[in-house]
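Trainee: One structure follows; several queries about it will come next.
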Amino acid sequence: MSHALPSRPRASHNAGALSGSIKVPGDKSISHRAMMFGAMALGRTSVTGLLEGEDVLATGQAMRAFGAKVEKIGDTWQIDGVGVGGFLSPQGDLDFGNAGTGVRLTMGLVGAYPFVTRFVGDASLTARPMGRVLDPLRAIGVEVVEHHDNRLPIALKGPTDPLPVDYRVPMASAQVKSCVLLAGLIIPGTTRVVEPIMTRDHTEKMLEGFGADIEVATDAEGVRTISVAGLPDLKGQELVVPGDPSSAGFPLVAGLIVPGSEIVIENVLMNPTRTGLITTLIEMGGDIAIENRRNSGGEDIADLRVKHSALKGVTVPAGRAPSMIDEYPVLAIAAAFAQGVTHMPGLDELRVKESDRLAAVARGLEANGVICEEGEDYLTVTGKGGVPGGGTVATHLDHRIAMSFLVMGLASDKPVTVDDDRMIATSFPSFQADFTRLGAGFSQSEDAA
């Protein structure tokens with residue numbers, strides 16, 4: 001991975017109104033799963049619109065290591081799968097770089113196979129806790145041959161006769177839910193996951209699309225029980241990956257805070273488990289029109305037309321956090337330009353992302369003259385309608401911190417500098433080029449290496 005190279009600081013400044021249209025990269029969650037489910041299916045899966053960031057490509061490389069054929073022909077990715085139960089023992093470690101989703105889901109995917117698989121990653125991923133997925137895998141009978149306080153490097157060896165489990169997810173985490181469901185595909189019998197708070201449901205929707213025997217039941221309290229039958233015949237599919245709503249958050253907020261702006265963000269995934277940011281920004285007074293609604297591969301998509309708006313502070317319900325957990329950094333930027341107090345509770349999950357995002361956002365806001373209060377599981381931002389800027393933000397190798405504060409600089413009084421922008425390629429490789437086309441101003445900072 002490139003993170004051993006010298007850092008590359010980047011600054012953004014107010015260059016005037018943004019206008020035009022932008023297509024954000026394909027949804028990361030769906031792209032990871034397209035690689036994985038294609039590898040598990042029989043026949044060929046063709047994928048267009050795949051997010052070609054480092055994270056997803058690392059997952060593709062892992063699927064090759066298990067015996068699937070993964071190649072790009074023109075604009076289409078073709079995956080020739082090996083069937084459920086057909087994975088081969090990989091020769092060497094699986095390096096997931098910075099991909100938390102990729103590594104956690106793949107642990108589930110391969111956990112029940114009776115061979116040893118060793119997972120490694122970059123410095124950021126190695127610092128992230130993996131106990132939340134190791135616990136249910138241990139319940140299935142997976143042996144954790146190597147771990148470092150439940151952190152990478154981790155080696156797993158599946159049991160000879162894995163047994164299905166009923167597992168109640170202890171926190172709102174789509175990755176943990178998906179890890180258990182994917183492990184269940186290799187186990188004879190029915191594996192059940194109980195989810196007290198609904199999280200993004202791409203795994204369930206896509207598995208059904210590939211032909212898995214999966215059932216979802218929701219009780220009167222909203223608790224979901226997802227049941228998957230083991231050893232299904234999954235069949236190759238043709239998939240079009242919609243635009244990532246987390247990546248759409250950056251042009252969305254930029255359009256709202258830069259005076260005179262009007263932009264259209266095309267082909268955005270509108271899955272109800274992923275639209276918390278849009279809901280919140282509209283509550284803040286954001287002028288966001290949802291246009292051209294349509295359906296693709298079981299998922300709702302639409303175009304978003306956003307115009308500069310006078311935003312006001314709101315309290316974001318804690319229950320909304322799972323549907324927008326990755327978007328809180330850029331929401332904090334919108335809150336900084338709003339009038340009044342924005343209170344964001346229920347954010348403990350942000351402390352175990354690519355960085356401690358809660359602390360990173362708070363320090364970045366403070367460095368640029370924004371009043372905020374960081375609690376154990378909340379962030380409160382006091383907006384005054386504008387931001388002084390002029391600060392340098394420590395990104396901690398976190399792509400969302402870098403992009404969020406580069407968006408801030410497009411509307412602040414003075415430029416905003418991030419200490420490194422190279423890791424943006426993990427999720428939004430064309431970020432700077434696309435924003436420059438809309439009229440954004442960037443410069444390489446003088447102290448850049």
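Ordering of the structure tokens sets the chain letters (A, B, ...); residue numbers start at 1 within each chain; ligands are numbered from 1 in the order shown.
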Give me the region 23-42 of chain A side of the contact with region 263-276 of chain A, cut-off 8 Å, one line per residue showing its nearest atom pair and distance in Å at one decimal, counting only C-alpha atoms, sorted by chain and residue number, as a tab-separated table.
Mentor:
```
residue	atom	partner	partner_atom	distance
A:Lys23	CA	A:Glu266	CA	5.1
A:Val24	CA	A:Ile265	CA	7.2
A:Asp27	CA	A:Leu269	CA	7.4
```
Trainee: Since we have the selection now, will you write its residues out, keeping N, CA and C atoms, as a PDB file, in the first residue's frame?
Mentor:
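Output (result-v1.pdb):
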```
ATOM      1  N   LYS A  23     -21.092  12.587 -10.996  1.00  0.00           N
ATOM      2  CA  LYS A  23     -21.435  11.193 -10.703  1.00  0.00           C
ATOM      3  C   LYS A  23     -20.440  10.722  -9.662  1.00  0.00           C
ATOM      4  N   VAL A  24     -20.947  10.301  -8.515  1.00  0.00           N
ATOM      5  CA  VAL A  24     -20.021   9.829  -7.484  1.00  0.00           C
ATOM      6  C   VAL A  24     -19.677   8.369  -7.753  1.00  0.00           C
ATOM      7  N   ASP A  27     -21.259   2.549  -5.136  1.00  0.00           N
ATOM      8  CA  ASP A  27     -21.397   2.298  -3.707  1.00  0.00           C
ATOM      9  C   ASP A  27     -20.382   1.259  -3.229  1.00  0.00           C
TER      10      ASP A  27
END
```
Trainee: Need the shell around Gly158 (chain A): protein/DNA/RNA residues with any atom at most 7 Å away, counting only C-alpha atoms. Skip same-chain ones fewer than 2 positions apart. Format as a list in words?
Mentor: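 That gives Gly111, Ala112, Tyr113, Pro114, Phe115, Gly141, Val142, Glu143, Leu156 and Thr160 of chain A.
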Trainee: Go through A:Leu105, A:Ala127, A:Leu277, A:Ile73 and flag the residue nearest Val352 (chain A), using only C-alpha atoms for the distances.
Mentor: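 Among the listed residues, the smallest separation from Val352 (chain A) belongs to A:Ala127.
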Trainee: Give me the residues near Gly390 (chain A) as a PyMOL selection string, where near means some atom within 7 Å (using only C-alpha atoms) and where sequence neighbours in that chain fewer than 4 positions away do not count.
Mentor: chain A and resi 368+414-416
Trainee: To one decimal place, how far is CA of Thr380 (chain A) from CA of Ser173 (chain A) in Å?
Mentor: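 Computed distance, CA of Thr380 (chain A) to CA of Ser173 (chain A), equals 23.4 Å.
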Trainee: Give me, as a VMD selection string, all polymer residues having an atom no more than 10 Å from Thr279 (chain A), counting only C-alpha atoms and skipping those fewer than 6 positions away in the same chain.
Mentor: chain A and resid 286 288 316 320 324
